[in-house]
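As provided, data29.txt (compact mmCIF, C-alpha atoms and all ligand atoms) reads as follows.
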# COMPACT_ATOMS: atom_id res chain seq x y z
CA ILE X 1 57.10 -62.91 13.63
CA ARG X 2 53.62 -61.78 14.61
CA PHE X 3 51.79 -61.24 17.85
CA THR X 4 48.26 -60.74 19.08
CA THR X 5 46.90 -59.54 22.41
CA ALA X 6 43.65 -60.15 24.28
CA GLY X 7 42.20 -58.80 27.48
CA GLU X 8 40.08 -56.05 28.97
CA SER X 9 41.42 -53.42 31.35
CA HIS X 10 39.43 -54.68 34.35
CA GLY X 11 38.97 -58.27 33.22
CA GLU X 12 40.96 -61.17 34.63
CA GLY X 13 44.13 -60.36 32.78
CA LEU X 14 45.97 -59.84 29.51
CA LEU X 15 47.15 -62.51 27.11
CA VAL X 16 49.73 -62.25 24.38
CA ILE X 17 50.82 -64.85 21.84
CA ILE X 18 53.95 -64.21 19.83
CA GLU X 19 54.85 -66.53 16.98
CA GLY X 20 57.96 -66.93 14.85
CA ILE X 21 60.64 -66.38 17.49
CA PRO X 22 63.53 -68.65 16.46
CA ALA X 23 64.46 -71.59 18.65
CA GLY X 24 67.45 -71.32 20.93
CA LEU X 25 66.91 -67.82 22.30
CA THR X 26 67.41 -67.36 26.05
CA ILE X 27 64.34 -65.69 27.54
CA ASN X 28 64.04 -65.11 31.28
CA SER X 29 60.66 -64.15 32.68
CA GLU X 30 62.48 -61.80 35.12
CA ASP X 31 63.70 -59.75 32.14
CA ILE X 32 60.13 -59.45 30.84
CA ASP X 33 59.01 -58.35 34.32
CA ILE X 34 61.67 -55.63 34.36
CA GLU X 35 60.14 -54.18 31.17
CA LEU X 36 56.62 -54.43 32.63
CA ALA X 37 57.75 -52.57 35.75
CA ARG X 38 59.37 -49.84 33.62
CA ARG X 39 56.00 -49.32 31.88
CA GLN X 40 54.24 -48.86 35.21
CA ARG X 41 56.53 -46.11 36.51
CA GLY X 42 56.56 -42.37 35.93
CA TYR X 43 55.25 -39.31 37.70
CA GLY X 44 51.66 -38.67 36.70
CA ARG X 45 50.49 -42.28 36.63
CA GLY X 46 47.13 -42.96 38.30
CA GLN X 47 46.08 -45.04 41.30
CA ARG X 48 45.74 -48.17 39.18
CA MET X 49 49.51 -48.47 39.06
CA CYS X 50 49.55 -48.75 42.88
CA ILE X 51 47.18 -51.73 42.62
CA GLU X 52 49.06 -53.62 39.91
CA THR X 53 52.51 -55.23 40.03
CA ASP X 54 52.63 -56.57 36.49
CA THR X 55 54.44 -59.88 36.13
CA VAL X 56 54.31 -62.41 33.35
CA LYS X 57 53.34 -66.06 33.49
CA ILE X 58 54.76 -68.02 30.58
CA PHE X 59 52.40 -70.69 29.28
CA SER X 60 54.16 -72.08 26.26
CA GLY X 61 56.99 -71.80 23.77
CA ILE X 62 59.82 -71.61 26.32
CA ARG X 63 61.51 -74.52 28.09
CA HIS X 64 64.24 -74.08 30.70
CA ALA X 65 64.39 -70.37 29.74
CA VAL X 66 65.10 -71.15 26.06
CA SER X 67 62.66 -70.61 23.17
CA LEU X 68 61.38 -73.71 21.36
CA GLY X 69 60.39 -72.02 18.11
CA SER X 70 56.72 -72.64 18.91
CA PRO X 71 54.18 -69.90 19.81
CA ILE X 72 55.09 -68.15 23.06
CA ALA X 73 51.96 -67.48 25.12
CA MET X 74 52.15 -65.17 28.12
CA TYR X 75 49.65 -64.01 30.73
CA ILE X 76 49.61 -60.90 32.90
CA ALA X 77 46.98 -60.94 35.66
CA ASN X 78 44.94 -57.83 36.49
CA LYS X 79 45.08 -57.69 40.27
CA ASP X 80 42.30 -55.10 40.13
CA PHE X 81 39.92 -57.73 38.71
CA ARG X 82 39.05 -58.77 42.25
CA ASN X 83 37.24 -55.39 42.57
CA TRP X 84 35.40 -55.85 39.24
CA THR X 85 34.31 -59.49 39.32
CA LYS X 86 30.63 -58.65 38.84
CA ILE X 87 31.04 -55.73 36.45
CA MET X 88 33.44 -57.69 34.25
CA SER X 89 31.99 -61.18 34.73
CA PRO X 90 32.10 -63.23 31.52
CA THR X 91 28.95 -65.03 32.64
CA SER X 92 25.52 -63.47 33.03
CA VAL X 93 25.16 -61.95 36.54
CA ASP X 94 23.02 -59.30 38.20
CA SER X 95 25.19 -56.20 38.25
CA GLU X 96 23.88 -52.98 39.71
CA GLU X 97 26.38 -50.93 37.76
CA MET X 98 24.86 -48.01 35.85
CA PRO X 99 25.74 -48.00 32.14
CA LEU X 100 28.34 -45.45 31.03
CA LEU X 101 26.54 -43.04 28.71
CA LYS X 102 28.46 -39.75 28.76
CA PRO X 103 31.34 -40.25 26.30
CA ARG X 104 34.75 -38.67 26.86
CA PRO X 105 35.83 -36.52 23.89
CA GLY X 106 39.06 -38.00 22.52
CA HIS X 107 38.41 -41.54 23.76
CA ALA X 108 36.93 -44.50 21.87
CA ASP X 109 33.63 -44.16 23.77
CA LEU X 110 31.41 -42.45 21.17
CA PRO X 111 32.69 -43.97 17.90
CA GLY X 112 32.72 -47.42 19.55
CA PHE X 113 29.18 -46.92 20.90
CA MET X 114 27.92 -46.03 17.41
CA LYS X 115 29.86 -48.75 15.60
CA TYR X 116 29.11 -51.72 17.87
CA GLY X 117 25.54 -50.88 18.89
CA VAL X 118 26.23 -51.36 22.60
CA ASN X 119 24.08 -50.02 25.45
CA ASP X 120 26.98 -49.16 27.72
CA PHE X 121 30.29 -47.87 26.42
CA ARG X 122 32.17 -49.80 29.11
CA ASP X 123 32.02 -52.51 26.42
CA ILE X 124 34.29 -50.24 24.34
CA LEU X 125 36.55 -48.56 26.88
CA GLU X 126 37.64 -51.81 28.50
CA ARG X 127 39.49 -52.88 25.38
CA ALA X 128 40.43 -49.38 24.20
CA SER X 129 42.26 -48.73 27.48
CA ALA X 130 46.02 -48.34 27.42
CA ARG X 131 46.19 -51.23 29.87
CA GLU X 132 46.57 -53.38 26.73
CA THR X 133 50.04 -51.93 26.23
CA ALA X 134 51.31 -54.16 29.08
CA ALA X 135 50.79 -57.14 26.73
CA ARG X 136 52.65 -55.35 23.94
CA VAL X 137 55.55 -54.65 26.29
CA ALA X 138 55.77 -58.37 27.12
CA ALA X 139 55.96 -59.21 23.40
CA GLY X 140 58.52 -56.44 23.01
CA ALA X 141 60.66 -57.88 25.81
CA VAL X 142 60.92 -61.18 23.91
CA CYS X 143 61.95 -59.34 20.73
CA LYS X 144 64.41 -57.23 22.73
CA ALA X 145 66.11 -60.45 23.83
CA LEU X 146 66.37 -61.47 20.16
CA LEU X 147 67.81 -58.13 19.05
CA LYS X 148 70.30 -58.21 21.92
CA GLU X 149 71.82 -61.37 20.38
CA PHE X 150 72.73 -59.18 17.40
CA GLU X 151 73.97 -56.33 19.62
CA ILE X 152 71.11 -54.09 18.51
CA ASN X 153 70.48 -51.68 21.38
CA ILE X 154 67.38 -49.62 22.04
CA VAL X 155 66.78 -46.67 24.35
CA SER X 156 64.02 -44.11 24.71
CA TYR X 157 63.53 -40.88 26.62
CA THR X 158 60.92 -38.21 27.19
CA SER X 159 61.76 -35.11 25.15
CA GLN X 160 58.69 -33.02 25.99
CA ILE X 161 55.76 -32.86 28.40
CA GLY X 162 53.24 -30.08 27.81
CA ASP X 163 55.26 -26.98 26.88
CA VAL X 164 58.43 -28.14 28.69
CA ALA X 165 60.99 -29.42 26.20
CA ALA X 166 64.21 -31.20 27.12
CA ASP X 167 67.60 -30.01 25.96
CA ILE X 168 69.93 -33.00 25.88
CA SER X 169 72.77 -31.29 24.03
CA SER X 170 74.84 -31.07 27.24
CA VAL X 171 74.08 -34.63 28.46
CA GLU X 172 76.95 -37.01 27.64
CA GLU X 173 75.74 -39.69 25.24
CA ASP X 174 76.57 -42.64 27.47
CA LYS X 175 74.80 -40.97 30.42
CA ILE X 176 71.48 -40.46 28.61
CA TRP X 177 70.25 -43.95 29.43
CA HIS X 178 71.23 -43.79 33.12
CA ASP X 179 69.82 -40.28 33.63
CA THR X 180 66.58 -41.23 31.85
CA GLU X 181 65.92 -44.22 34.09
CA MET X 182 66.73 -42.11 37.17
CA SER X 183 64.26 -39.37 36.22
CA TYR X 184 60.64 -39.48 37.47
CA VAL X 185 59.49 -38.65 33.95
CA ARG X 186 62.22 -40.54 32.01
CA CYS X 187 63.81 -37.29 30.87
CA PRO X 188 67.64 -37.07 30.90
CA ASP X 189 67.66 -33.24 31.18
CA ALA X 190 67.49 -32.80 34.98
CA LYS X 191 66.19 -29.20 34.86
CA ALA X 192 63.45 -30.00 32.35
CA SER X 193 62.61 -33.15 34.30
CA GLU X 194 61.89 -31.10 37.44
CA LYS X 195 59.78 -28.61 35.45
CA MET X 196 57.83 -31.49 33.90
CA VAL X 197 57.05 -32.91 37.34
CA GLN X 198 55.79 -29.51 38.53
CA LEU X 199 53.66 -29.11 35.40
CA ILE X 200 52.08 -32.56 35.86
CA LYS X 201 51.41 -31.72 39.52
CA LYS X 202 49.63 -28.50 38.50
CA ALA X 203 47.60 -30.26 35.81
CA GLY X 204 46.52 -32.92 38.32
CA GLU X 205 45.43 -30.28 40.82
CA LYS X 206 43.24 -28.71 38.13
CA GLY X 207 41.72 -32.06 37.14
CA ASP X 208 43.50 -31.77 33.79
CA THR X 209 45.88 -34.05 31.85
CA LEU X 210 49.05 -33.65 29.76
CA GLY X 211 50.67 -35.16 26.68
CA GLY X 212 54.15 -34.88 25.25
CA LYS X 213 56.80 -36.46 23.13
CA VAL X 214 59.21 -39.39 23.41
CA VAL X 215 62.24 -40.31 21.32
CA VAL X 216 63.34 -43.89 20.58
CA VAL X 217 66.89 -44.55 19.40
CA ILE X 218 68.06 -47.94 18.08
CA LYS X 219 71.75 -48.46 17.42
CA ASN X 220 73.64 -51.06 15.46
CA VAL X 221 70.77 -52.00 13.15
CA PRO X 222 72.25 -53.73 10.08
CA PRO X 223 71.61 -51.86 6.83
CA GLY X 224 68.96 -53.32 4.53
CA LEU X 225 66.06 -54.09 6.87
CA GLY X 226 62.74 -53.34 5.16
CA SER X 227 62.45 -52.84 1.41
CA HIS X 228 61.88 -50.12 -1.17
CA THR X 229 60.13 -52.61 -3.49
CA GLN X 230 56.60 -52.43 -2.10
CA TRP X 231 54.65 -49.89 -0.02
CA ASP X 232 53.90 -52.24 2.84
CA LEU X 233 57.47 -53.51 3.11
CA LYS X 234 59.00 -50.10 3.86
CA LEU X 235 60.54 -50.10 7.33
CA ASP X 236 59.51 -46.54 8.20
CA GLY X 237 55.91 -47.22 7.16
CA ARG X 238 55.84 -50.37 9.26
CA LEU X 239 57.35 -48.68 12.31
CA ALA X 240 54.92 -45.77 11.96
CA GLN X 241 51.92 -48.11 11.89
CA SER X 242 53.12 -49.93 14.93
CA LEU X 243 53.81 -46.71 16.85
CA ILE X 244 50.70 -44.77 15.88
CA SER X 245 48.57 -47.68 17.04
CA ILE X 246 49.70 -47.02 20.62
CA GLN X 247 46.82 -45.48 22.55
CA ALA X 248 46.92 -41.64 22.41
CA VAL X 249 49.86 -41.42 19.96
CA LYS X 250 48.96 -38.86 17.30
CA ALA X 251 52.19 -38.29 15.36
CA VAL X 252 55.34 -40.19 14.47
CA GLU X 253 58.48 -38.56 13.07
CA PHE X 254 61.73 -40.00 11.75
CA GLY X 255 65.00 -38.11 12.13
CA ALA X 256 64.48 -34.39 11.48
CA GLY X 257 60.76 -35.18 10.93
CA THR X 258 58.48 -32.17 10.46
CA LYS X 259 61.48 -29.78 10.53
CA LEU X 260 62.28 -31.06 7.02
CA ALA X 261 59.32 -29.08 5.65
CA SER X 262 61.26 -25.83 5.94
CA LEU X 263 64.74 -26.98 4.91
CA PHE X 264 66.47 -26.79 1.52
CA GLY X 265 67.59 -30.08 0.01
CA SER X 266 71.19 -29.14 0.75
CA LEU X 267 70.38 -29.24 4.45
CA SER X 268 67.85 -32.08 4.44
CA HIS X 269 70.02 -35.10 3.67
CA ASP X 270 73.00 -36.94 5.10
CA GLU X 271 76.08 -36.81 2.89
CA ILE X 272 77.88 -40.10 2.31
CA PHE X 273 81.48 -40.81 3.37
CA TYR X 274 83.66 -43.92 3.34
CA ASP X 275 86.43 -45.14 5.58
CA VAL X 276 88.20 -48.51 5.33
CA THR X 277 87.55 -49.35 8.97
CA ARG X 278 84.08 -47.79 9.34
CA GLY X 279 82.74 -48.54 5.86
CA PHE X 280 80.05 -46.10 4.63
CA TYR X 281 79.09 -43.47 7.19
CA ARG X 282 77.34 -40.12 7.63
CA ASN X 283 78.13 -37.11 9.78
CA THR X 284 74.45 -36.21 10.21
CA ASN X 285 71.32 -38.33 10.68
CA ARG X 286 68.40 -36.25 9.40
CA ALA X 287 66.91 -39.36 7.81
CA GLY X 288 66.71 -41.04 11.21
CA GLY X 289 68.53 -44.14 9.92
CA ILE X 290 66.05 -45.02 7.16
CA GLU X 291 66.31 -44.20 3.43
CA GLY X 292 63.99 -45.63 0.77
CA GLY X 293 62.18 -47.68 3.39
CA MET X 294 65.40 -49.50 4.36
CA SER X 295 67.68 -49.14 7.37
CA ASN X 296 70.92 -47.48 6.24
CA GLY X 297 73.16 -48.54 9.11
CA GLU X 298 72.89 -45.26 11.04
CA PRO X 299 70.92 -45.21 14.32
CA ILE X 300 67.17 -45.32 13.81
CA VAL X 301 65.72 -42.25 15.51
CA VAL X 302 61.96 -41.98 15.78
CA SER X 303 59.79 -39.76 17.95
CA CYS X 304 56.14 -40.10 18.99
CA THR X 305 53.77 -37.38 20.08
CA MET X 306 51.15 -38.38 22.63
CA LYS X 307 48.03 -36.33 23.17
CA ALA X 308 46.85 -35.55 26.69
CA ILE X 309 44.80 -38.44 28.10
CA PRO X 310 41.07 -37.86 27.45
CA SER X 311 39.88 -39.00 30.92
CA LEU X 312 39.70 -35.68 32.76
CA ALA X 313 38.80 -35.40 36.43
CA ASN X 314 37.42 -31.97 35.47
CA PRO X 315 35.36 -33.27 32.54
CA LEU X 316 34.74 -31.81 29.11
CA HIS X 317 31.38 -31.04 27.49
CA SER X 318 29.51 -34.10 26.22
CA VAL X 319 26.04 -35.46 25.54
CA ASN X 320 24.08 -38.16 27.37
CA LEU X 321 23.68 -40.92 24.79
CA ALA X 322 20.29 -42.01 26.18
CA THR X 323 18.61 -38.62 26.69
CA LYS X 324 20.68 -36.55 24.18
CA GLU X 325 20.86 -33.88 26.88
CA THR X 326 23.98 -31.87 27.55
CA ALA X 327 26.21 -33.58 30.09
CA GLU X 328 29.69 -33.59 31.52
CA ALA X 329 31.79 -36.50 30.24
CA GLU X 330 32.25 -39.47 32.59
CA ALA X 331 35.07 -38.82 35.04
CA VAL X 332 36.72 -42.23 35.29
CA ARG X 333 39.98 -42.97 37.11
CA SER X 334 43.03 -42.49 34.89
CA ASP X 335 46.53 -41.02 34.68
CA VAL X 336 47.34 -37.30 34.63
CA CYS X 337 50.27 -37.99 32.29
CA ALA X 338 51.47 -41.27 30.80
CA VAL X 339 54.23 -39.93 28.54
CA PRO X 340 57.02 -41.71 30.52
CA ALA X 341 55.17 -45.02 30.03
CA VAL X 342 54.73 -44.37 26.31
CA GLY X 343 58.51 -44.33 25.87
CA VAL X 344 58.65 -47.93 27.15
CA VAL X 345 55.67 -48.98 25.00
CA ALA X 346 57.21 -47.31 21.94
CA GLU X 347 60.43 -49.28 22.52
CA ALA X 348 58.31 -52.46 22.42
CA ALA X 349 56.53 -51.39 19.23
CA VAL X 350 59.84 -50.67 17.52
CA VAL X 351 61.66 -53.84 18.61
CA VAL X 352 58.82 -56.12 17.46
CA GLU X 353 58.86 -54.54 14.00
CA LEU X 354 62.66 -54.66 13.81
CA ALA X 355 62.71 -58.30 14.92
CA LYS X 356 60.21 -59.08 12.13
CA ALA X 357 62.32 -57.27 9.55
CA LEU X 358 65.49 -58.95 10.82
CA LYS X 359 63.95 -62.39 10.52
CA GLU X 360 62.61 -61.63 7.04
CA LYS X 361 66.07 -60.66 5.87
CA PHE X 362 68.04 -63.40 7.59
CA GLY X 363 65.51 -66.20 8.03
CA GLY X 364 66.30 -69.08 10.29
CA ASP X 365 64.10 -71.20 12.51
CA SER X 366 66.98 -71.37 14.91
CA LEU X 367 69.00 -68.55 16.39
CA LYS X 368 72.18 -70.32 15.27
CA ASP X 369 71.15 -70.19 11.58
CA MET X 370 70.08 -66.58 11.90
CA LYS X 371 73.43 -65.58 13.41
CA LYS X 372 75.32 -67.37 10.66
CA ASN X 373 73.29 -65.57 7.99
CA VAL X 374 73.82 -62.18 9.62
CA ASN X 375 77.59 -62.78 9.74
CA ILE X 376 77.75 -63.76 6.07
CA TYR X 377 75.81 -60.61 5.14
CA LYS X 378 77.99 -58.37 7.27
CA GLU X 379 81.11 -59.82 5.62
CA ARG X 380 79.66 -59.12 2.16
CA ILE X 381 78.79 -55.53 3.05
CA LYS X 382 82.30 -54.95 4.43
CA VAL X 383 83.98 -55.89 1.14
CA LEU X 384 81.40 -54.19 -1.09
C1 LIG Z 401 46.35 -48.29 32.38
C2 LIG Z 401 45.34 -48.74 33.16
C3 LIG Z 401 44.10 -47.98 33.30
C4 LIG Z 401 44.34 -46.48 33.14
C5 LIG Z 401 45.14 -46.13 31.92
C6 LIG Z 401 46.28 -47.02 31.62
O1 LIG Z 401 43.61 -48.32 34.55
P1 LIG Z 401 42.25 -47.77 35.21
O2 LIG Z 401 41.31 -47.48 34.08
O3 LIG Z 401 41.82 -48.90 36.07
O4 LIG Z 401 42.66 -46.58 36.01
O5 LIG Z 401 45.03 -46.00 34.28
O6 LIG Z 401 44.28 -46.15 30.81
C7 LIG Z 401 44.10 -45.02 30.07
C8 LIG Z 401 44.91 -44.02 30.09
C9 LIG Z 401 42.93 -45.02 29.23
O7 LIG Z 401 42.69 -43.99 28.59
O8 LIG Z 401 42.20 -45.98 29.22
C10 LIG Z 401 47.61 -49.05 32.24
O9 LIG Z 401 47.76 -50.17 32.76
O10 LIG Z 401 48.52 -48.53 31.56
Please render this file's structure as structure tokens.
Ligand code: EPS
Amino acid sequence: IRFTTAGESHGEGLLVIIEGIPAGLTINSEDIDIELARRQRGYGRGQRMCIETDTVKIFSGIRHAVSLGSPIAMYIANKDFRNWTKIMSPTSVDSEEMPLLKPRPGHADLPGFMKYGVNDFRDILERASARETAARVAAGAVCKALLKEFEINIVSYTSQIGDVAADISSVEEDKIWHDTEMSYVRCPDAKASEKMVQLIKKAGEKGDTLGGKVVVVIKNVPPGLGSHTQWDLKLDGRLAQSLISIQAVKAVEFGAGTKLASLFGSLSHDEIFYDVTRGFYRNTNRAGGIEGGMSNGEPIVVSCTMKAIPSLANPLHSVNLATKETAEAEAVRSDVCAVPAVGVVAEAAVVVELAKALKEKFGGDSLKDMKKNVNIYKERIKVL
């Protein structure tokens, strides 16, 4: 399974092609749209989200809501394009737009300007924009449908925004999902959620932005996805690559993550137990469900840290690329905080990588074959 995206933030739209999805999988465009809508929500999102109502148009690979095994191509229109037809025209037109020349620290503006030899860093920011994550979420929705067939469930929640951290120890496990989706910031701790909203409000009033942290939890992943045999086959390495490539994500942690630096070995690992009905199990999950680059059957728990968005209404110090004079960075429209959206994007990143690993292990051009193979494997593991 592999996918590729195309599209600029203010161009006509976003395209995504995902290949390798087995035939026979039920995929409804409404389910993809639900994921796209989840990505658009969250307190702190900018005006752009009031313009867009992201929906997917399926071009190929699906017939009568069932996958054909051929490449699935999907399109998400940018409604805002109607306001940018000249600026983003693919043909040569007279545009009176001034070039963007005052790069935002933390964005792709300056390195992209130097690397590509452009005269206007709009040529860079259009593709660097997190708008591209809508296409990734569409690909993720297809993979989510695949994982659902194997009863692999995925949830995510916001665990921190700025200096406000959530405490979910008192939230009942089966309520986490409901409470997360009800919260304006996708945080299941109601008190922290309210504080996060207030903090985002304050940051917005000051022309500032905020980052934070999200946690993704995937349950019922069969053991043995990924492999210890080669560096680029390790499941944690692959998930980390996929997650860190999300715009503004600066750190990825599995299980106890950076806390492990200060713990003795006796408190760092998950002791192994066995029960005839449960099979092998652990009472802790410091490894976050992955050992030796392979899923171990415990829930996969991975968190992502997102930096504060670098488009500040109250801009940072910069330099005019044409005159080399001191300047304030361009103040372009953006979000104050997009951490709630990152949770949804991170889910997509994780499910695509898990779907790939699942197909590698169990093969199958058709869902039927894949299911058969998974069942045979599960039987073998049971009687190990
Ligand atoms: C985004 C669309 C963008 C930004 C944001 C994410 O729309 P616009 O630039 O028209 O406001 O709101 O992009 C960034 C945070 C960024 O740094 O580029 C979206 O659809 O998620």
So which residues are near ligand LIG 401 (chain Z), meaning at most 9 Å away with only C-alpha atoms and all ligand atoms counted, given back as a PyMOL selection string? chain X and resi 9-10+39-40+45-49+51-52+54+78+80+107-108+125-134+247-248+309-311+332-338+341
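Taking atom CA of Leu367 of chain X as the reference point, atom CA of Tyr281 of chain X is found at 28.6 Å.
Going from atom CA of Val185 of chain X to atom CA of Val215 of chain X covers 13.0 Å.
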With a distance cut-off of 12 Å and all atoms listed in the file, select the neighbouring residues of segment 242-245 of chain X, excluding the residue or stretch itself and same-chain residues fewer than 5 positions from it, and output the selection as a PyMOL selection string. chain X and resi 2-3+128+130+132-133+136+140+214-216+235-237+250-254+302-307+342-354+356
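Using all atoms listed in the file, the protein and nucleic acid residues lying no more than 10 Å from segment 362-366 of chain X, apart from those fewer than 6 places from it along its own chain, are Gly20, Ile21, Pro22, Ala23, Gly24, Leu25, Ser67, Leu68, Gly69, Ser70, Leu225, Lys356, Lys372, Asn373, Val374, Asn375, Ile376 and Tyr377 of chain X.
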Restore N, CA and C atoms in segment 344-367 of chain X and list the result as a compact mmCIF listing (two decimals), keeping the file's coordinate frame.
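Dumped to part_6.txt:
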# COMPACT_ATOMS: atom_id res chain seq x y z
N VAL X 344 58.40 -46.48 26.99
CA VAL X 344 58.65 -47.93 27.15
C VAL X 344 57.80 -48.72 26.15
N VAL X 345 56.56 -48.29 25.96
CA VAL X 345 55.67 -48.98 25.00
C VAL X 345 56.19 -48.78 23.57
N ALA X 346 56.67 -47.59 23.28
CA ALA X 346 57.21 -47.31 21.94
C ALA X 346 58.45 -48.16 21.67
N GLU X 347 59.27 -48.37 22.68
CA GLU X 347 60.43 -49.28 22.52
C GLU X 347 59.92 -50.66 22.07
N ALA X 348 58.87 -51.13 22.74
CA ALA X 348 58.31 -52.46 22.42
C ALA X 348 57.80 -52.49 20.98
N ALA X 349 57.08 -51.44 20.59
CA ALA X 349 56.53 -51.39 19.23
C ALA X 349 57.66 -51.45 18.20
N VAL X 350 58.72 -50.72 18.46
CA VAL X 350 59.84 -50.67 17.52
C VAL X 350 60.59 -52.00 17.47
N VAL X 351 60.86 -52.60 18.63
CA VAL X 351 61.66 -53.84 18.61
C VAL X 351 60.90 -54.98 17.94
N VAL X 352 59.58 -55.03 18.11
CA VAL X 352 58.82 -56.12 17.46
C VAL X 352 58.96 -55.97 15.94
N GLU X 353 58.80 -54.76 15.45
CA GLU X 353 58.86 -54.54 14.00
C GLU X 353 60.27 -54.79 13.46
N LEU X 354 61.28 -54.41 14.24
CA LEU X 354 62.66 -54.66 13.81
C LEU X 354 62.98 -56.15 13.83
N ALA X 355 62.48 -56.85 14.84
CA ALA X 355 62.71 -58.30 14.92
C ALA X 355 62.08 -58.99 13.71
N LYS X 356 60.88 -58.52 13.32
CA LYS X 356 60.21 -59.08 12.13
C LYS X 356 61.08 -58.86 10.90
N ALA X 357 61.53 -57.62 10.74
CA ALA X 357 62.32 -57.27 9.55
C ALA X 357 63.65 -58.03 9.53
N LEU X 358 64.23 -58.22 10.71
CA LEU X 358 65.49 -58.95 10.82
C LEU X 358 65.29 -60.40 10.40
N LYS X 359 64.19 -60.99 10.85
CA LYS X 359 63.95 -62.39 10.52
C LYS X 359 63.61 -62.55 9.03
N GLU X 360 62.90 -61.58 8.48
CA GLU X 360 62.61 -61.63 7.04
C GLU X 360 63.89 -61.63 6.23
N LYS X 361 64.83 -60.79 6.65
CA LYS X 361 66.07 -60.66 5.87
C LYS X 361 66.99 -61.85 6.07
N PHE X 362 67.03 -62.38 7.30
CA PHE X 362 68.04 -63.40 7.59
C PHE X 362 67.48 -64.79 7.85
N GLY X 363 66.15 -64.90 7.89
CA GLY X 363 65.51 -66.20 8.03
C GLY X 363 65.95 -66.96 9.25
N GLY X 364 65.80 -68.26 9.19
CA GLY X 364 66.30 -69.08 10.29
C GLY X 364 65.24 -69.43 11.29
N ASP X 365 65.00 -70.75 11.45
CA ASP X 365 64.10 -71.20 12.51
C ASP X 365 64.85 -71.26 13.82
N SER X 366 66.18 -71.32 13.69
CA SER X 366 66.98 -71.37 14.91
C SER X 366 67.88 -70.14 14.97
N LEU X 367 68.15 -69.72 16.19
CA LEU X 367 69.00 -68.55 16.39
C LEU X 367 70.38 -68.77 15.76
